[in-house]
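Structure data (compact mmCIF, C-alpha atoms and all ligand atoms) from structure11.txt:
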# COMPACT_ATOMS: atom_id res chain seq x y z
CA MET A 10 116.52 67.58 66.68
CA LEU A 11 114.82 64.21 66.99
CA MET A 12 116.91 63.54 70.09
CA SER A 13 115.80 66.78 71.77
CA ARG A 14 112.15 65.99 71.05
CA VAL A 15 112.59 62.57 72.61
CA LEU A 16 114.25 64.15 75.64
CA HIS A 17 111.35 66.56 76.00
CA ARG A 18 108.89 63.70 75.94
CA MET A 19 110.96 61.75 78.46
CA ALA A 20 110.99 64.74 80.78
CA GLY A 21 107.20 65.00 80.61
CA MET A 22 107.24 68.62 79.53
CA THR A 23 106.47 70.70 76.43
CA PRO A 24 108.16 73.95 75.36
CA SER A 25 105.00 76.03 75.75
CA VAL A 26 104.24 74.73 79.25
CA LEU A 27 107.86 75.32 80.25
CA GLU A 28 107.70 78.87 78.91
CA ALA A 29 104.40 79.52 80.69
CA ILE A 30 105.79 78.22 84.01
CA SER A 31 108.82 80.49 83.59
CA GLY A 32 106.40 83.37 83.07
CA GLN A 33 104.55 82.38 86.24
CA ILE A 34 107.81 82.34 88.21
CA ALA A 35 108.23 86.01 87.22
CA ASN A 36 104.58 86.67 88.11
CA GLU A 37 105.04 85.19 91.62
CA PHE A 38 108.22 87.20 92.22
CA GLY A 39 106.36 90.21 90.78
CA ALA A 40 103.60 89.64 93.36
CA SER A 41 106.27 89.42 96.07
CA PHE A 42 107.78 92.72 94.91
CA SER A 43 104.35 94.33 94.76
CA TYR A 44 103.52 93.26 98.34
CA LEU A 45 106.86 94.66 99.43
CA ALA A 46 105.95 98.01 97.84
CA MET A 47 102.62 97.90 99.71
CA ALA A 48 104.48 97.17 102.98
CA ALA A 49 106.74 100.16 102.33
CA TRP A 50 103.75 102.46 101.80
CA CYS A 51 102.00 101.23 104.95
CA GLU A 52 105.06 101.49 107.16
CA HIS A 53 105.87 104.96 105.80
CA HIS A 54 102.35 105.94 106.90
CA LYS A 55 102.90 104.23 110.26
CA PHE A 56 100.51 101.33 109.74
CA MET A 57 103.17 99.01 111.11
CA GLY A 58 100.82 96.04 111.59
CA CYS A 59 99.74 96.22 107.94
CA GLY A 60 103.40 96.49 106.99
CA HIS A 61 104.17 93.33 108.96
CA TRP A 62 101.31 91.42 107.29
CA LEU A 63 102.39 92.58 103.81
CA ARG A 64 106.05 91.73 104.41
CA MET A 65 104.98 88.20 105.37
CA GLN A 66 102.81 88.00 102.29
CA SER A 67 105.76 89.17 100.18
CA ALA A 68 107.86 86.35 101.63
CA GLU A 69 105.05 83.88 100.91
CA GLU A 70 104.94 84.94 97.25
CA ASN A 71 108.71 84.57 97.12
CA GLY A 72 108.16 80.99 98.29
CA HIS A 73 105.62 80.43 95.49
CA GLY A 74 108.17 81.63 92.92
CA LEU A 75 110.80 79.31 94.40
CA LYS A 76 108.37 76.37 94.42
CA LEU A 77 107.93 76.67 90.63
CA PHE A 78 111.66 77.38 90.19
CA ASN A 79 112.43 74.14 92.05
CA PHE A 80 109.82 72.25 90.04
CA VAL A 81 111.40 73.26 86.71
CA LEU A 82 114.84 72.18 87.99
CA ALA A 83 113.42 68.92 89.35
CA ARG A 84 112.08 68.19 85.85
CA ASN A 85 115.64 68.66 84.57
CA HIS A 86 115.01 71.88 82.65
CA HIS A 87 116.84 75.16 82.54
CA VAL A 88 115.13 78.02 84.42
CA LYS A 89 114.95 81.19 82.33
CA LEU A 90 114.08 84.05 84.66
CA GLY A 91 112.19 86.91 83.04
CA ALA A 92 111.74 90.57 83.90
CA ILE A 93 109.68 91.75 86.87
CA ALA A 94 107.50 94.81 86.29
CA GLN A 95 107.82 97.82 88.58
CA PRO A 96 105.09 97.50 91.23
CA LYS A 97 102.57 100.17 92.14
CA VAL A 98 104.20 102.22 94.89
CA ASP A 99 101.64 104.92 95.69
CA PHE A 100 98.24 104.50 97.29
CA ALA A 101 95.45 106.80 98.48
CA SER A 102 94.74 104.87 101.69
CA VAL A 103 95.48 101.66 103.52
CA GLN A 104 92.08 100.41 102.34
CA GLU A 105 93.21 100.95 98.75
CA VAL A 106 96.37 98.95 99.45
CA PHE A 107 94.31 95.88 100.36
CA GLU A 108 91.85 96.41 97.52
CA ARG A 109 94.84 96.33 95.17
CA ALA A 110 96.09 93.21 96.96
CA LEU A 111 92.73 91.50 96.30
CA ALA A 112 92.81 92.53 92.62
CA GLN A 113 96.35 91.14 92.41
CA GLU A 114 95.30 87.81 93.94
CA GLN A 115 92.37 87.55 91.51
CA GLU A 116 94.77 88.21 88.63
CA VAL A 117 97.15 85.51 89.88
CA SER A 118 94.21 83.08 90.12
CA ARG A 119 93.44 83.76 86.44
CA GLN A 120 97.11 83.20 85.56
CA ILE A 121 97.21 79.88 87.42
CA ASP A 122 93.95 78.72 85.83
CA ALA A 123 95.30 79.54 82.34
CA LEU A 124 98.53 77.70 83.12
CA TYR A 125 96.62 74.66 84.37
CA GLU A 126 94.44 74.69 81.25
CA LEU A 127 97.57 74.73 79.07
CA ALA A 128 99.17 71.85 81.02
CA PHE A 129 95.89 69.93 80.70
CA ARG A 130 95.69 70.52 76.93
CA GLU A 131 99.30 69.44 76.46
CA LYS A 132 98.93 66.49 78.86
CA VAL A 133 101.82 67.57 81.09
CA PHE A 134 100.56 65.62 84.09
CA ALA A 135 103.41 66.47 86.47
CA ALA A 136 102.79 70.19 85.90
CA MET A 137 99.05 69.65 86.51
CA ALA A 138 99.81 67.98 89.84
CA GLU A 139 102.20 70.80 90.79
CA LEU A 140 99.69 73.48 89.79
CA GLN A 141 96.89 71.89 91.79
CA TRP A 142 98.61 73.13 94.93
CA PHE A 143 98.53 76.66 93.51
CA ILE A 144 94.83 76.46 92.61
CA THR A 145 93.98 75.52 96.21
CA GLU A 146 96.35 78.19 97.53
CA GLN A 147 94.65 80.90 95.45
CA VAL A 148 91.25 80.03 96.91
CA GLU A 149 92.71 80.60 100.39
CA GLU A 150 94.61 83.76 99.40
CA GLU A 151 91.57 85.39 97.82
CA LYS A 152 89.41 84.49 100.84
CA THR A 153 91.90 85.94 103.33
CA VAL A 154 92.41 89.23 101.48
CA ARG A 155 88.68 89.59 100.72
CA GLU A 156 87.97 89.38 104.47
CA ILE A 157 90.59 92.05 105.22
CA VAL A 158 89.13 94.35 102.53
CA ALA A 159 85.66 93.88 104.05
CA LYS A 160 86.99 94.92 107.46
CA PHE A 161 88.60 98.08 106.07
CA GLN A 162 85.33 98.92 104.32
CA MET A 163 83.46 98.51 107.63
CA VAL A 164 85.98 100.57 109.61
CA LYS A 165 86.23 103.40 107.03
CA ASP A 166 88.08 106.38 108.59
CA ASP A 167 87.40 105.66 112.26
CA PRO A 168 90.89 106.07 113.83
CA ALA A 169 90.34 103.77 116.84
CA SER A 170 89.02 100.94 114.65
CA LEU A 171 91.80 101.45 112.11
CA LEU A 172 94.38 101.11 114.89
CA ASP A 173 92.65 97.94 116.12
CA LEU A 174 92.68 96.48 112.63
CA ASP A 175 96.33 97.43 112.17
CA ARG A 176 97.15 95.64 115.44
CA GLU A 177 95.18 92.57 114.33
CA LEU A 178 97.12 92.37 111.05
CA GLY A 179 100.35 92.88 112.97
CA ALA A 180 99.68 89.64 114.87
CA ARG A 181 99.98 87.49 111.74
CA ALA A 182 102.21 84.54 112.56
CA ALA A 183 104.58 82.79 110.17
CA GLU A 184 103.07 79.86 108.30
CA PRO A 185 105.02 76.80 107.21
CA ALA A 186 106.69 77.24 103.83
CA ALA A 187 104.96 75.87 100.75
CA PRO A 188 105.99 72.25 100.12
CA GLY A 189 108.84 72.28 97.62
CA ALA A 190 109.65 75.95 98.16
FE FE B 201 101.41 83.34 94.84
FE FE B 202 99.22 85.29 96.53
Final structure tokens representation of the file:
Amino acid sequence: MLMSRVLHRMAGMTPSVLEAISGQIANEFGASFSYLAMAAWCEHHKFMGCGHWLRMQSAEENGHGLKLFNFVLARNHHVKLGAIAQPKVDFASVQEVFERALAQEQEVSRQIDALYELAFREKVFAAMAELQWFITEQVEEEKTVREIVAKFQMVKDDPASLLDLDRELGARAAEPAAPGA
């Protein structure tokens, strides 16, 4: 018992931070799964550019999950993968898809903030350093999706503009993987 406590301290981790990071791994893979469901809806409705953008976003979230997965292993802990909730699969419009995406990003930002606060309280400095990357990433993710939502709100139901916007989203290029992913 004493030995395991000492090992925990040596590894610079606490049980509650470890559990919370495991939960966040499931949240990131859940976000990936949710973006994949959004891609499926868009492509079924022939918004192929939106589908492309959302598939890339799904892959990016997968990378976020792996980044935390690799972090836990690098700290010499066992990764306990949790359940992933079924994502929302039905939408009223492509605009609603991206509004849901923005809500999802805002939720992930809250999750990361809570995780950072916990790591701060428990003085798990390595986790704080790791999570700093995610805090910065969430600022960028929210900004990007908020701009897309604004464009859909401007375009409304105008078919020519919707096709333009779909083409624009279809031009999204691959970004370098997250460091450590
Ligand atoms: Fe993420
Ligand atoms: Fe994200």
Which residues sit within 6 Å of ligand FE 201 (chain B), counting all atoms listed in the file, listed as a PDB file with C-alpha atoms, in the coordinates of the input?
ATOM      1  CA  GLU A  37     105.040  85.190  91.620  1.00  0.00           C
ATOM      2  CA  GLU A  70     104.940  84.940  97.250  1.00  0.00           C
ATOM      3  CA  HIS A  73     105.620  80.430  95.490  1.00  0.00           C
TER       4      HIS A  73
END
Expected selection as a PyMOL selection string for ligand FE 202 (chain B) within 12 Å, only C-alpha atoms and all ligand atoms
chain A and resi 33+36-44+63+65-74+109-121+143-154+187
Pairwise distance for CA of Val26 in chain A and CA of Glu131 in chain A, rounded to one decimal in Å
7.8 Å
Give me the residues near range 137-140 of chain A as a count of residues only, where near means some atom within 10 Å (using only C-alpha atoms) and where sequence neighbours in that chain fewer than 5 positions away do not count.
16
Which residues, written as a tab-separated table (two decimals) with C-alpha atoms, in the frame of the given file, have at least one atom at most 12 Å from His86 in chain A, with all atoms listed in the file counted and residues fewer than 2 positions away on the same chain left out?
chain	number	residue	atom	x	y	z
A	16	LEU	CA	114.25	64.15	75.64
A	17	HIS	CA	111.35	66.56	76.00
A	19	MET	CA	110.96	61.75	78.46
A	20	ALA	CA	110.99	64.74	80.78
A	21	GLY	CA	107.20	65.00	80.61
A	22	MET	CA	107.24	68.62	79.53
A	23	THR	CA	106.47	70.70	76.43
A	24	PRO	CA	108.16	73.95	75.36
A	26	VAL	CA	104.24	74.73	79.25
A	27	LEU	CA	107.86	75.32	80.25
A	28	GLU	CA	107.70	78.87	78.91
A	30	ILE	CA	105.79	78.22	84.01
A	31	SER	CA	108.82	80.49	83.59
A	77	LEU	CA	107.93	76.67	90.63
A	78	PHE	CA	111.66	77.38	90.19
A	79	ASN	CA	112.43	74.14	92.05
A	80	PHE	CA	109.82	72.25	90.04
A	81	VAL	CA	111.40	73.26	86.71
A	82	LEU	CA	114.84	72.18	87.99
A	83	ALA	CA	113.42	68.92	89.35
A	84	ARG	CA	112.08	68.19	85.85
A	88	VAL	CA	115.13	78.02	84.42
A	89	LYS	CA	114.95	81.19	82.33
Could you state the separation of CA of Ile157 in chain A and CA of Ala190 in chain A in Å, given to one decimal place?
25.9 Å
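Relative to CA of Lys165 in chain A, CA of His53 in chain A is found at 19.7 Å.
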Pick from A:Met57, A:Arg155, A:Ala49, A:Leu172 nearest to Asp99 in chain A, counting all atoms listed in the file
A:Ala49
Can you pull out every residue within 10 Å of Asp173 in chain A, counting only C-alpha atoms, but drop anything in the same chain fewer than 5 positions away, and send it as a PDB file with C-alpha atoms, keeping the file's coordinate frame?
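File written: part_22.pdb
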ATOM      1  CA  GLY A  58     100.820  96.040 111.590  1.00  0.00           C
ATOM      2  CA  VAL A 164      85.980 100.570 109.610  1.00  0.00           C
ATOM      3  CA  PRO A 168      90.890 106.070 113.830  1.00  0.00           C
ATOM      4  CA  LEU A 178      97.120  92.370 111.050  1.00  0.00           C
ATOM      5  CA  GLY A 179     100.350  92.880 112.970  1.00  0.00           C
TER       6      GLY A 179
END
Taking all atoms listed in the file into account, which of A:Ile34, A:Glu52, A:Ala135, A:Ala123 comes nearest Ile93 in chain A?
A:Ile34
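Between Val98 in chain A and the residues A:Leu75, A:Met47, A:His54, A:Cys59, the shortest atom-to-atom distance, using only C-alpha atoms, involves A:Met47.
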Step by step: locate range 36-57 of chain A in the block above, keep N, CA, C and O atoms, then write the file as a JSON list (two decimals), in the first residue's frame.
[["chain", "number", "residue", "atom", "x", "y", "z"],
["A", 36, "ASN", "N", -13.81, 11.03, -24.11],
["A", 36, "ASN", "CA", -14.49, 12.22, -24.65],
["A", 36, "ASN", "C", -13.93, 12.59, -26.02],
["A", 36, "ASN", "O", -14.68, 12.97, -26.93],
["A", 37, "GLU", "N", -12.60, 12.50, -26.19],
["A", 37, "GLU", "CA", -11.98, 12.86, -27.48],
["A", 37, "GLU", "C", -12.38, 11.84, -28.57],
["A", 37, "GLU", "O", -12.71, 12.23, -29.70],
["A", 38, "PHE", "N", -12.36, 10.56, -28.21],
["A", 38, "PHE", "CA", -12.80, 9.55, -29.18],
["A", 38, "PHE", "C", -14.30, 9.69, -29.44],
["A", 38, "PHE", "O", -14.77, 9.45, -30.56],
["A", 39, "GLY", "N", -15.05, 10.11, -28.41],
["A", 39, "GLY", "CA", -16.48, 10.38, -28.59],
["A", 39, "GLY", "C", -16.70, 11.53, -29.57],
["A", 39, "GLY", "O", -17.59, 11.48, -30.42],
["A", 40, "ALA", "N", -15.86, 12.57, -29.46],
["A", 40, "ALA", "CA", -15.95, 13.71, -30.39],
["A", 40, "ALA", "C", -15.62, 13.23, -31.80],
["A", 40, "ALA", "O", -16.26, 13.64, -32.78],
["A", 41, "SER", "N", -14.62, 12.36, -31.91],
["A", 41, "SER", "CA", -14.24, 11.81, -33.22],
["A", 41, "SER", "C", -15.41, 11.05, -33.84],
["A", 41, "SER", "O", -15.75, 11.23, -35.02],
["A", 42, "PHE", "N", -16.06, 10.24, -33.02],
["A", 42, "PHE", "CA", -17.20, 9.43, -33.48],
["A", 42, "PHE", "C", -18.36, 10.33, -33.89],
["A", 42, "PHE", "O", -19.04, 10.09, -34.89],
["A", 43, "SER", "N", -18.57, 11.39, -33.11],
["A", 43, "SER", "CA", -19.65, 12.33, -33.38],
["A", 43, "SER", "C", -19.41, 13.07, -34.71],
["A", 43, "SER", "O", -20.33, 13.23, -35.52],
["A", 44, "TYR", "N", -18.16, 13.49, -34.95],
["A", 44, "TYR", "CA", -17.84, 14.15, -36.23],
["A", 44, "TYR", "C", -18.02, 13.18, -37.40],
["A", 44, "TYR", "O", -18.43, 13.58, -38.49],
["A", 45, "LEU", "N", -17.73, 11.91, -37.15],
["A", 45, "LEU", "CA", -17.91, 10.91, -38.21],
["A", 45, "LEU", "C", -19.40, 10.77, -38.54],
["A", 45, "LEU", "O", -19.78, 10.65, -39.72],
["A", 46, "ALA", "N", -20.25, 10.81, -37.51],
["A", 46, "ALA", "CA", -21.70, 10.74, -37.73],
["A", 46, "ALA", "C", -22.18, 11.96, -38.51],
["A", 46, "ALA", "O", -23.05, 11.86, -39.38],
["A", 47, "MET", "N", -21.59, 13.12, -38.21],
["A", 47, "MET", "CA", -21.93, 14.35, -38.95],
["A", 47, "MET", "C", -21.50, 14.23, -40.41],
["A", 47, "MET", "O", -22.23, 14.64, -41.33],
["A", 48, "ALA", "N", -20.31, 13.65, -40.63],
["A", 48, "ALA", "CA", -19.82, 13.46, -42.01],
["A", 48, "ALA", "C", -20.77, 12.54, -42.77],
["A", 48, "ALA", "O", -21.09, 12.80, -43.94],
["A", 49, "ALA", "N", -21.23, 11.49, -42.09],
["A", 49, "ALA", "CA", -22.15, 10.55, -42.74],
["A", 49, "ALA", "C", -23.44, 11.25, -43.15],
["A", 49, "ALA", "O", -23.92, 11.06, -44.28],
["A", 50, "TRP", "N", -23.97, 12.08, -42.26],
["A", 50, "TRP", "CA", -25.22, 12.79, -42.59],
["A", 50, "TRP", "C", -25.00, 13.71, -43.79],
["A", 50, "TRP", "O", -25.80, 13.72, -44.74],
["A", 51, "CYS", "N", -23.92, 14.46, -43.77],
["A", 51, "CYS", "CA", -23.64, 15.42, -44.85],
["A", 51, "CYS", "C", -23.46, 14.70, -46.19],
["A", 51, "CYS", "O", -24.01, 15.11, -47.21],
["A", 52, "GLU", "N", -22.69, 13.63, -46.17],
["A", 52, "GLU", "CA", -22.42, 12.94, -47.44],
["A", 52, "GLU", "C", -23.68, 12.25, -47.96],
["A", 52, "GLU", "O", -23.91, 12.19, -49.17],
["A", 53, "HIS", "N", -24.51, 11.75, -47.04],
["A", 53, "HIS", "CA", -25.78, 11.15, -47.46],
["A", 53, "HIS", "C", -26.65, 12.21, -48.16],
["A", 53, "HIS", "O", -27.36, 11.90, -49.11],
["A", 54, "HIS", "N", -26.53, 13.47, -47.70],
["A", 54, "HIS", "CA", -27.30, 14.55, -48.31],
["A", 54, "HIS", "C", -26.51, 15.29, -49.38],
["A", 54, "HIS", "O", -26.87, 16.39, -49.79],
["A", 55, "LYS", "N", -25.43, 14.68, -49.79],
["A", 55, "LYS", "CA", -24.61, 15.13, -50.94],
["A", 55, "LYS", "C", -23.88, 16.46, -50.71],
["A", 55, "LYS", "O", -23.52, 17.15, -51.66],
["A", 56, "PHE", "N", -23.65, 16.78, -49.45],
["A", 56, "PHE", "CA", -22.73, 17.89, -49.13],
["A", 56, "PHE", "C", -21.36, 17.24, -48.94],
["A", 56, "PHE", "O", -20.90, 17.02, -47.81],
["A", 57, "MET", "N", -20.72, 16.93, -50.06],
["A", 57, "MET", "CA", -19.49, 16.14, -50.01],
["A", 57, "MET", "C", -18.32, 16.94, -49.43],
["A", 57, "MET", "O", -17.43, 16.37, -48.79]]
